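Reading through the structure tokens given below for one structure.
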Amino acid sequence: MKKLAFLLSLMALCLFSTPANASTKSGSFKVGENTFLLNNKPFVVKAAEVHYPRIPREYWEQRIQMCKALGMNTLCIYIFWNSHEQQEGVFDFTGNNDIRAFVQLAQKNGMWVIVRPGPYVCAEWEMGGLPWWLLKKKDIRLREQDPYFMERLEIFEKKVGEQLGDLTIEKGGPIIMVQVENEYGSYGEDKPYISAVRDIIRKSGFDKVELFQCDWSSNFTKNGLDDLTWTMNFGTGANIDNEFKKLGELRPNSPKMCSEFWSGWFDKWGGRHETRGAEAMVDGISQMLDRGISFSLYMTHGGTNWGHWAGANSPGFAPDVTSYDYDAPINEAGQTTDKFWKLRKAMEKYSGDFDPATGKWGAPKKLPAVPKEYPTIAVPKFELKEFAPIVYGCGGLETSADQNDLTFEYNGLGWGSMLYSVGLPEVTGQSVLSFESHDYAQVFVNDKFIGKIDRVKHENSLILPATKKGDQLLILVEGMGRINFGRAIKDFKGIVGEVKMKATVDGHDVSYTLKGWEKWCIDDDYKWAVRALEGASGKRVDEYHEGFAKETKALGTRGYYRGYFNLKKTGDTFLNLENWGKGQVYVNGHAIGRHWYIGPQQTLYVPGCWLKKGKNEVIVLDVMGPRGEKTIEGLQKPIIDKLNLDRPQTHRLEGQKIDLSGEKPVKEGEFAAGNGWQEVKFDKPVSGRYVCIEALNSHMNREYCCIAEWYMLGADGTRLSREPWQVAYCDDEDIESGNKTADKIFDLQESTYWSTNRGVKYPHHLVIDLGQDQTFTGFQYLPRVEAGAPESIKQYRIYVKSSLFKGL
């Protein structure tokens, strides 16, 4: 029997060639004629994008096995620089950051690996993966050949190479491809910089493995290097042939790969939970596999933005929620979804070997069994009885040469909140306080709450009551995720710039610049939370808390709350924070993530591996204070699509209707049908602040229209920055079938779009506020990227004014 068992195991090894048994000898992965070659045989990459820091290490293997059970043969991972080097020169590759262990676990489970080491990764992750401390150098040029940036980048990539360089396929490991930078065409055009990053990655230990770069089909040539493999990124519903058309013209014999096929989308605070249909996802993957096109499904499993790692998007400021569920086939808790089963069924057809000569797939092979899911549990409601005012979380700051520089970065704070205090001048009447807050500021005078300045809502001022000389102005600023996409990633936190008061004194306008600030940091850190609670209970006396009685009274219920619950058995659960305001949550020392009552996310995922039998601790840092009972319960299912907003999501107030009577369009015409960017030049330059797009009908003769992206062209014919843009008015927006609001036309994402509702008749009007008067010579318009550009506009008129249109 022992001999028979040995022979059977030997046969199994011969039948199934996987990276697990490749560790005993070197292999090869390279670009062949219209196909990738794995050990000199045609190979189609079927990759699952997963992110190790978004998954508890204890659950890594189950998630990997789930991906394999879907029919995937590869895992695709980013390397998150700011997670590994949270303080300059201090590197961490342990615990959830142990990338070597993750890659080895992938190999153990028979999966190949694609590594994307940045330096920039986007991923809706804090600052796109770049470390916050880079911003201590205020004039730094990120993602360019800035000497300091390149120096630190090279040091980090060398550290990555030390972890993974010997795990490439030619050295017996599972890593088959390594990416150079990430979607740089959406940031700029700088081939020398991309070349420098390529060279650094090569000499960091990836000199023989296949290197590639990814971008969109509309911009990949801007930075495409001749010696790298080019791959495209696009989402469900995209016209597959159109996405690869240009690549096929430039490199007709190159294998094709979609390195990010977006299965869903990310959520932002204050927006509806994003979903994408399973049928469109399965159809897109099937189309690619029918053509022998490789892909990576972004995301196959999204996971969670623990602690402060959720980023924010731009233009404007749209912070991402804690959950990175992404409407992926494997949900945030590692459970199967309807998408999972539909995709698995489709992938079975492509589980054999692909023959590029015939374009056919061989006989299907049985997919691996789906691993067991982790159980979920309910936690009965419990009260958080302990309280420490938020000032007890204040700590010391690095010495600042300039007392009036108020950013987090300049004062040595990476993540958290900051408390600012300054004396006020005497103003007998009301005054206007104005400053740029990054990101959520609450303003107090003496012991009275005055109001908030919310960056999400583009707020930058509020009214102060009459003040006496010596009154204390107190500002509490919570920093949320740094912007992760576009040029705005250079995103300082705290108060950015000067704080001014404007008032009328004796009939004259007077402006005061407030100086002489005191500053205290409130670090987003579990140890500081415990320290605060111990200080409030008298267990610890801390010099920073002397003289805070006044501030404590003003800040009221804002602070740290601690409670406990007991378990007889552990399991995954979802803590319901609907009674709370805004802040952070820690469970048994783990930073679980941000909460904000506005939604759509109301619960926070807590993996069972971080819980224990018996007593469990929960600490809530609430910068607004509770909104109801100081209680929490654990649910067995999440609440990730419930909004609590004080204003409509849409950009039209009740009774509002634009009136264009008497207005003359600066341009009218007809867009071409079909996919792709279209550019229109004005007959002569025009100037104004407000641009109205009037859509008169569609190419499909339906009663609704869509726009994916829109740019205005400046006096020199190039695209103007859209960072200050806001939607001033839109007559109709579809928020029932998804977040198809008007701001999608300038969100830097070609796969998202503004859509009106079905049945709402033409004409449709959308007004953009560009922030200030500018001169334009034309515009660029992108219809939807799906085949045939559904609901694309046919006839249009464009109006430009320096003041708002009538009726608005």
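As shown in the structure tokens, the chain order sets the letters A, B, ...; within each chain, residues go from 1, and ligands are also counted from 1 in the order they appear.
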Test item: residues at most 7 Å from stretch 226-232 of chain A, only C-alpha atoms, excluding those fewer than 3 positions along its chain, as a short mmCIF file (atom, residue, chain, number, x, y, z; two decimals) with N, CA, C and O atoms, in the first residue's frame:
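Saved result, out12.cif, follows:
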```cif
data_model
loop_
_atom_site.label_atom_id
_atom_site.label_comp_id
_atom_site.auth_asym_id
_atom_site.auth_seq_id
_atom_site.Cartn_x
_atom_site.Cartn_y
_atom_site.Cartn_z
N LEU A 211 9.59 42.29 -17.22
CA LEU A 211 9.09 43.56 -16.70
C LEU A 211 7.99 44.09 -17.63
O LEU A 211 8.08 43.96 -18.85
N PHE A 212 6.98 44.72 -17.03
CA PHE A 212 5.88 45.26 -17.84
C PHE A 212 5.40 46.58 -17.25
O PHE A 212 5.75 46.95 -16.12
N GLN A 213 4.63 47.31 -18.03
CA GLN A 213 3.99 48.54 -17.54
C GLN A 213 2.54 48.54 -18.02
O GLN A 213 2.21 47.99 -19.07
N CYS A 214 1.67 49.13 -17.19
CA CYS A 214 0.24 49.15 -17.51
C CYS A 214 -0.25 50.59 -17.64
O CYS A 214 0.28 51.51 -17.02
N ASP A 215 -1.28 50.76 -18.44
CA ASP A 215 -1.92 52.07 -18.62
C ASP A 215 -3.25 51.86 -19.31
O ASP A 215 -3.68 50.72 -19.55
N TRP A 216 -3.89 52.95 -19.65
CA TRP A 216 -5.16 52.89 -20.38
C TRP A 216 -4.88 52.91 -21.88
O TRP A 216 -3.86 53.43 -22.34
N SER A 217 -5.82 52.39 -22.64
CA SER A 217 -5.64 52.35 -24.09
C SER A 217 -5.54 53.75 -24.68
O SER A 217 -4.97 53.93 -25.76
N LYS A 256 -1.46 39.85 -25.61
CA LYS A 256 -2.32 40.88 -25.03
C LYS A 256 -2.70 40.50 -23.60
O LYS A 256 -2.94 39.33 -23.30
N MET A 257 -2.77 41.54 -22.75
CA MET A 257 -3.16 41.31 -21.36
C MET A 257 -3.87 42.54 -20.81
O MET A 257 -3.41 43.67 -21.00
N CYS A 258 -4.98 42.31 -20.14
CA CYS A 258 -5.64 43.35 -19.35
C CYS A 258 -5.13 43.18 -17.93
O CYS A 258 -5.53 42.25 -17.23
N SER A 259 -4.25 44.07 -17.51
CA SER A 259 -3.61 43.92 -16.20
C SER A 259 -4.49 44.38 -15.05
O SER A 259 -4.19 44.11 -13.89
#
```
Can I get the residues of stretch 67-151 of chain A within 9 Å of stretch 285-309 of chain A, each with the closest pair of atoms and their distance in Å to one decimal, using only C-alpha atoms, sorted chain first then ascending number, as a tab-separated table?
```
residue	atom	partner	partner_atom	distance
A:Cys67	CA	A:Thr300	CA	7.2
A:Thr74	CA	A:Ser296	CA	8.4
A:Leu75	CA	A:Ser296	CA	8.2
A:Cys76	CA	A:Ser296	CA	7.0
A:Ser83	CA	A:Trp309	CA	8.5
A:Glu124	CA	A:Trp309	CA	8.7
A:Trp125	CA	A:Trp309	CA	5.7
A:Glu126	CA	A:Trp309	CA	5.1
A:Met127	CA	A:Trp309	CA	8.8
```
Checklist entry - So which residues touch A:His273 within 7 Å, counting only C-alpha atoms, skipping near sequence neighbours fewer than 6 positions away, as an NGL selection string? => result :A and (267 or 600 or 640-641)
Could those residues be written to a file, using all heavy atoms, as a PDB file, in the first residue's frame?
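Below you can see part-v4.pdb, which holds the result:
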```
ATOM      1  N   ASP A 267     -15.931  52.509  -2.896  1.00  0.00           N
ATOM      2  CA  ASP A 267     -16.945  53.379  -2.304  1.00  0.00           C
ATOM      3  C   ASP A 267     -16.305  54.601  -1.670  1.00  0.00           C
ATOM      4  O   ASP A 267     -15.201  54.523  -1.122  1.00  0.00           O
ATOM      5  CB  ASP A 267     -17.733  52.636  -1.222  1.00  0.00           C
ATOM      6  CG  ASP A 267     -18.650  51.565  -1.796  1.00  0.00           C
ATOM      7  OD1 ASP A 267     -18.911  51.614  -3.009  1.00  0.00           O
ATOM      8  OD2 ASP A 267     -19.095  50.692  -1.031  1.00  0.00           O
ATOM      9  N   PRO A 600     -21.788  55.370   2.979  1.00  0.00           N
ATOM     10  CA  PRO A 600     -22.748  54.272   2.999  1.00  0.00           C
ATOM     11  C   PRO A 600     -22.402  53.138   3.974  1.00  0.00           C
ATOM     12  O   PRO A 600     -23.246  52.319   4.287  1.00  0.00           O
ATOM     13  CB  PRO A 600     -22.713  53.749   1.560  1.00  0.00           C
ATOM     14  CG  PRO A 600     -21.295  53.995   1.123  1.00  0.00           C
ATOM     15  CD  PRO A 600     -20.907  55.304   1.780  1.00  0.00           C
ATOM     16  N   ILE A 640     -23.414  48.183   4.279  1.00  0.00           N
ATOM     17  CA  ILE A 640     -22.462  48.988   3.510  1.00  0.00           C
ATOM     18  C   ILE A 640     -23.151  49.826   2.442  1.00  0.00           C
ATOM     19  O   ILE A 640     -22.503  50.351   1.544  1.00  0.00           O
ATOM     20  CB  ILE A 640     -21.361  48.115   2.862  1.00  0.00           C
ATOM     21  CG1 ILE A 640     -21.965  46.995   2.010  1.00  0.00           C
ATOM     22  CG2 ILE A 640     -20.433  47.544   3.931  1.00  0.00           C
ATOM     23  CD1 ILE A 640     -20.922  46.168   1.268  1.00  0.00           C
ATOM     24  N   ASP A 641     -24.484  49.971   2.560  1.00  0.00           N
ATOM     25  CA  ASP A 641     -25.200  50.776   1.569  1.00  0.00           C
ATOM     26  C   ASP A 641     -26.349  51.539   2.235  1.00  0.00           C
ATOM     27  O   ASP A 641     -27.501  51.437   1.834  1.00  0.00           O
ATOM     28  CB  ASP A 641     -25.738  49.892   0.443  1.00  0.00           C
ATOM     29  CG  ASP A 641     -26.182  50.712  -0.766  1.00  0.00           C
ATOM     30  OD1 ASP A 641     -25.940  51.936  -0.777  1.00  0.00           O
ATOM     31  OD2 ASP A 641     -26.785  50.141  -1.689  1.00  0.00           O
TER      32      ASP A 641
END
```
Next on the checklist: Please list as a PyMOL selection string every residue within 7 Å of stretch 563-576 of chain A, counting only C-alpha atoms and excluding residues in the same chain fewer than 5 positions away.
Outcome noted: chain A and resi 374-378+382-386+602-608+611-619+632-638
Could you please take those selected residues and save N, CA, C and O atoms as a CSV table (one decimal), in the first residue's frame?
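Saved result, part.csv, follows:
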```csv
chain,number,residue,atom,x,y,z
A,374,TYR,N,-15.0,31.2,6.8
A,374,TYR,CA,-15.0,31.4,8.2
A,374,TYR,C,-16.4,31.8,8.7
A,374,TYR,O,-17.1,32.5,8.1
A,375,PRO,N,-16.8,31.2,9.9
A,375,PRO,CA,-18.1,31.5,10.4
A,375,PRO,C,-18.3,32.9,10.9
A,375,PRO,O,-17.3,33.6,11.2
A,376,THR,N,-19.5,33.4,10.8
A,376,THR,CA,-19.8,34.7,11.3
A,376,THR,C,-20.6,34.6,12.6
A,376,THR,O,-21.3,33.6,12.8
A,377,ILE,N,-20.5,35.6,13.5
A,377,ILE,CA,-21.2,35.5,14.8
A,377,ILE,C,-21.9,36.9,15.0
A,377,ILE,O,-21.4,37.9,14.5
A,378,ALA,N,-22.9,36.8,15.8
A,378,ALA,CA,-23.5,38.0,16.3
A,378,ALA,C,-23.0,38.3,17.7
A,378,ALA,O,-22.7,37.4,18.5
A,382,PHE,N,-23.5,46.0,23.6
A,382,PHE,CA,-22.7,46.3,24.8
A,382,PHE,C,-22.5,47.8,24.9
A,382,PHE,O,-22.4,48.5,23.8
A,383,GLU,N,-22.3,48.2,26.1
A,383,GLU,CA,-22.1,49.7,26.3
A,383,GLU,C,-20.6,50.0,26.5
A,383,GLU,O,-19.9,49.3,27.1
A,384,LEU,N,-20.2,51.2,25.9
A,384,LEU,CA,-18.9,51.7,26.1
A,384,LEU,C,-18.9,52.7,27.2
A,384,LEU,O,-19.2,53.9,27.0
A,385,LYS,N,-18.6,52.3,28.4
A,385,LYS,CA,-18.8,53.1,29.6
A,385,LYS,C,-17.7,54.0,29.9
A,385,LYS,O,-17.9,55.1,30.6
A,386,GLU,N,-16.4,53.6,29.6
A,386,GLU,CA,-15.3,54.5,29.9
A,386,GLU,C,-15.2,55.6,28.9
A,386,GLU,O,-15.4,55.4,27.7
A,602,GLN,N,-21.9,51.5,7.4
A,602,GLN,CA,-22.3,51.7,8.8
A,602,GLN,C,-21.7,50.7,9.7
A,602,GLN,O,-21.7,50.8,10.9
A,603,THR,N,-21.2,49.6,9.2
A,603,THR,CA,-20.6,48.5,10.0
A,603,THR,C,-19.1,48.4,9.7
A,603,THR,O,-18.7,48.7,8.5
A,604,LEU,N,-18.3,47.9,10.6
A,604,LEU,CA,-16.9,47.6,10.4
A,604,LEU,C,-16.6,46.1,10.5
A,604,LEU,O,-17.0,45.5,11.5
A,605,TYR,N,-15.9,45.6,9.5
A,605,TYR,CA,-15.6,44.2,9.6
A,605,TYR,C,-14.5,43.9,10.6
A,605,TYR,O,-13.5,44.5,10.6
A,606,VAL,N,-14.8,42.9,11.5
A,606,VAL,CA,-13.8,42.4,12.4
A,606,VAL,C,-13.6,40.9,12.2
A,606,VAL,O,-14.5,40.1,12.4
A,607,PRO,N,-12.4,40.5,11.8
A,607,PRO,CA,-12.1,39.1,11.5
A,607,PRO,C,-12.1,38.3,12.9
A,607,PRO,O,-11.5,38.8,13.9
A,608,GLY,N,-12.6,37.1,12.8
A,608,GLY,CA,-12.6,36.3,14.1
A,608,GLY,C,-11.3,36.0,14.6
A,608,GLY,O,-11.1,35.8,15.8
A,611,LEU,N,-10.3,38.2,17.4
A,611,LEU,CA,-11.1,38.1,18.6
A,611,LEU,C,-10.6,36.9,19.4
A,611,LEU,O,-9.8,36.1,19.0
A,612,LYS,N,-11.1,36.8,20.6
A,612,LYS,CA,-10.7,35.7,21.5
A,612,LYS,C,-11.9,35.3,22.4
A,612,LYS,O,-12.8,36.1,22.7
A,613,LYS,N,-11.8,34.1,22.9
A,613,LYS,CA,-12.8,33.6,23.9
A,613,LYS,C,-12.6,34.4,25.2
A,613,LYS,O,-11.5,34.7,25.6
A,614,GLY,N,-13.7,34.8,25.8
A,614,GLY,CA,-13.6,35.6,27.0
A,614,GLY,C,-13.8,37.1,26.6
A,614,GLY,O,-14.5,37.5,25.7
A,615,LYS,N,-13.0,37.9,27.3
A,615,LYS,CA,-13.2,39.4,27.3
A,615,LYS,C,-12.5,40.0,26.1
A,615,LYS,O,-11.3,39.7,25.8
A,616,ASN,N,-13.2,40.8,25.3
A,616,ASN,CA,-12.7,41.6,24.2
A,616,ASN,C,-12.9,43.1,24.3
A,616,ASN,O,-13.9,43.5,24.8
A,617,GLU,N,-11.9,43.8,24.0
A,617,GLU,CA,-11.9,45.3,24.2
A,617,GLU,C,-12.2,46.0,22.9
A,617,GLU,O,-11.7,45.7,21.8
A,618,VAL,N,-13.0,47.0,23.0
A,618,VAL,CA,-13.3,47.9,21.8
A,618,VAL,C,-13.1,49.4,22.3
A,618,VAL,O,-13.6,49.8,23.3
A,619,ILE,N,-12.3,50.1,21.5
A,619,ILE,CA,-12.1,51.6,21.8
A,619,ILE,C,-12.6,52.3,20.5
A,619,ILE,O,-12.2,52.0,19.4
A,632,ILE,N,-22.7,49.4,21.0
A,632,ILE,CA,-22.3,48.8,19.7
A,632,ILE,C,-22.8,47.3,19.8
A,632,ILE,O,-22.9,46.7,20.9
A,633,GLU,N,-23.2,46.8,18.7
A,633,GLU,CA,-23.5,45.3,18.6
A,633,GLU,C,-22.8,44.8,17.3
A,633,GLU,O,-22.4,45.5,16.4
A,634,GLY,N,-22.5,43.5,17.4
A,634,GLY,CA,-21.9,42.8,16.2
A,634,GLY,C,-22.9,42.1,15.4
A,634,GLY,O,-23.7,41.3,15.9
A,635,LEU,N,-23.0,42.4,14.1
A,635,LEU,CA,-23.9,41.7,13.2
A,635,LEU,C,-23.3,40.6,12.4
A,635,LEU,O,-22.1,40.6,12.2
A,636,GLN,N,-24.1,39.7,11.8
A,636,GLN,CA,-23.5,38.7,11.0
A,636,GLN,C,-23.4,39.0,9.6
A,636,GLN,O,-22.8,38.4,8.8
A,637,LYS,N,-24.1,40.2,9.2
A,637,LYS,CA,-24.0,40.7,7.8
A,637,LYS,C,-23.7,42.2,7.9
A,637,LYS,O,-24.1,42.9,8.8
A,638,PRO,N,-22.9,42.7,6.9
A,638,PRO,CA,-22.5,44.1,6.9
A,638,PRO,C,-23.7,45.0,6.5
A,638,PRO,O,-24.6,44.6,5.8
```
Next on the checklist: For the helix (DSSP H, G or I) assignment from backbone DSSP, which residues of stretch 224-257 of chain A qualify? Please present them as a PyMOL selection string.
Outcome noted: chain A and resi 240-250
Write the residues you've just listed into a file as a PDB file, in the first residue's frame, and include N, CA and C atoms for each of them.
```
ATOM      1  N   ILE A 240     -13.793  45.181 -25.759  1.00  0.00           N
ATOM      2  CA  ILE A 240     -12.502  44.487 -25.667  1.00  0.00           C
ATOM      3  C   ILE A 240     -11.631  44.751 -26.891  1.00  0.00           C
ATOM      4  N   ASP A 241     -12.198  44.606 -28.079  1.00  0.00           N
ATOM      5  CA  ASP A 241     -11.410  44.790 -29.298  1.00  0.00           C
ATOM      6  C   ASP A 241     -10.899  46.219 -29.406  1.00  0.00           C
ATOM      7  N   ASN A 242     -11.726  47.175 -29.022  1.00  0.00           N
ATOM      8  CA  ASN A 242     -11.318  48.575 -29.099  1.00  0.00           C
ATOM      9  C   ASN A 242     -10.193  48.876 -28.109  1.00  0.00           C
ATOM     10  N   GLU A 243     -10.235  48.252 -26.926  1.00  0.00           N
ATOM     11  CA  GLU A 243      -9.205  48.492 -25.911  1.00  0.00           C
ATOM     12  C   GLU A 243      -7.825  48.024 -26.375  1.00  0.00           C
ATOM     13  N   PHE A 244      -7.765  47.000 -27.199  1.00  0.00           N
ATOM     14  CA  PHE A 244      -6.481  46.466 -27.657  1.00  0.00           C
ATOM     15  C   PHE A 244      -6.144  46.861 -29.099  1.00  0.00           C
ATOM     16  N   LYS A 245      -6.999  47.673 -29.705  1.00  0.00           N
ATOM     17  CA  LYS A 245      -6.803  48.022 -31.114  1.00  0.00           C
ATOM     18  C   LYS A 245      -5.460  48.706 -31.364  1.00  0.00           C
ATOM     19  N   LYS A 246      -5.162  49.744 -30.582  1.00  0.00           N
ATOM     20  CA  LYS A 246      -3.927  50.496 -30.811  1.00  0.00           C
ATOM     21  C   LYS A 246      -2.696  49.649 -30.509  1.00  0.00           C
ATOM     22  N   LEU A 247      -2.755  48.847 -29.433  1.00  0.00           N
ATOM     23  CA  LEU A 247      -1.645  47.965 -29.115  1.00  0.00           C
ATOM     24  C   LEU A 247      -1.395  46.992 -30.261  1.00  0.00           C
ATOM     25  N   GLY A 248      -2.476  46.461 -30.848  1.00  0.00           N
ATOM     26  CA  GLY A 248      -2.335  45.532 -31.967  1.00  0.00           C
ATOM     27  C   GLY A 248      -1.697  46.172 -33.181  1.00  0.00           C
ATOM     28  N   GLU A 249      -1.959  47.468 -33.377  1.00  0.00           N
ATOM     29  CA  GLU A 249      -1.356  48.175 -34.513  1.00  0.00           C
ATOM     30  C   GLU A 249       0.131  48.407 -34.292  1.00  0.00           C
ATOM     31  N   LEU A 250       0.505  48.739 -33.041  1.00  0.00           N
ATOM     32  CA  LEU A 250       1.898  49.050 -32.736  1.00  0.00           C
ATOM     33  C   LEU A 250       2.746  47.802 -32.521  1.00  0.00           C
TER      34      LEU A 250
END
```
Please report, as a tab-separated table, each residue of stretch 742-771 of chain A lying at most 12 Å from stretch 318-322 of chain A, together with the nearest pair of atoms and the separation in Å rounded to one decimal; use only C-alpha atoms, and order rows by chain and ascending residue number.
```
residue	atom	partner	partner_atom	distance
A:Asp743	CA	A:Ala318	CA	11.0
A:Lys744	CA	A:Ala318	CA	11.8
A:Asp747	CA	A:Ala318	CA	9.8
```
Next on the checklist: With distances taken over only C-alpha atoms, which residue among A:Lys345, A:Glu58, A:Phe206, A:Trp265 lies nearest A:Gly71?
Outcome noted: A:Lys345
Checklist entry - Which residue, A:Cys692, A:Ala69, A:His508, A:Ile330, has the smallest gap to A:Lys365 when you use only C-alpha atoms? => result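 That would be A:Ala69, the residue with the smallest distance to A:Lys365.
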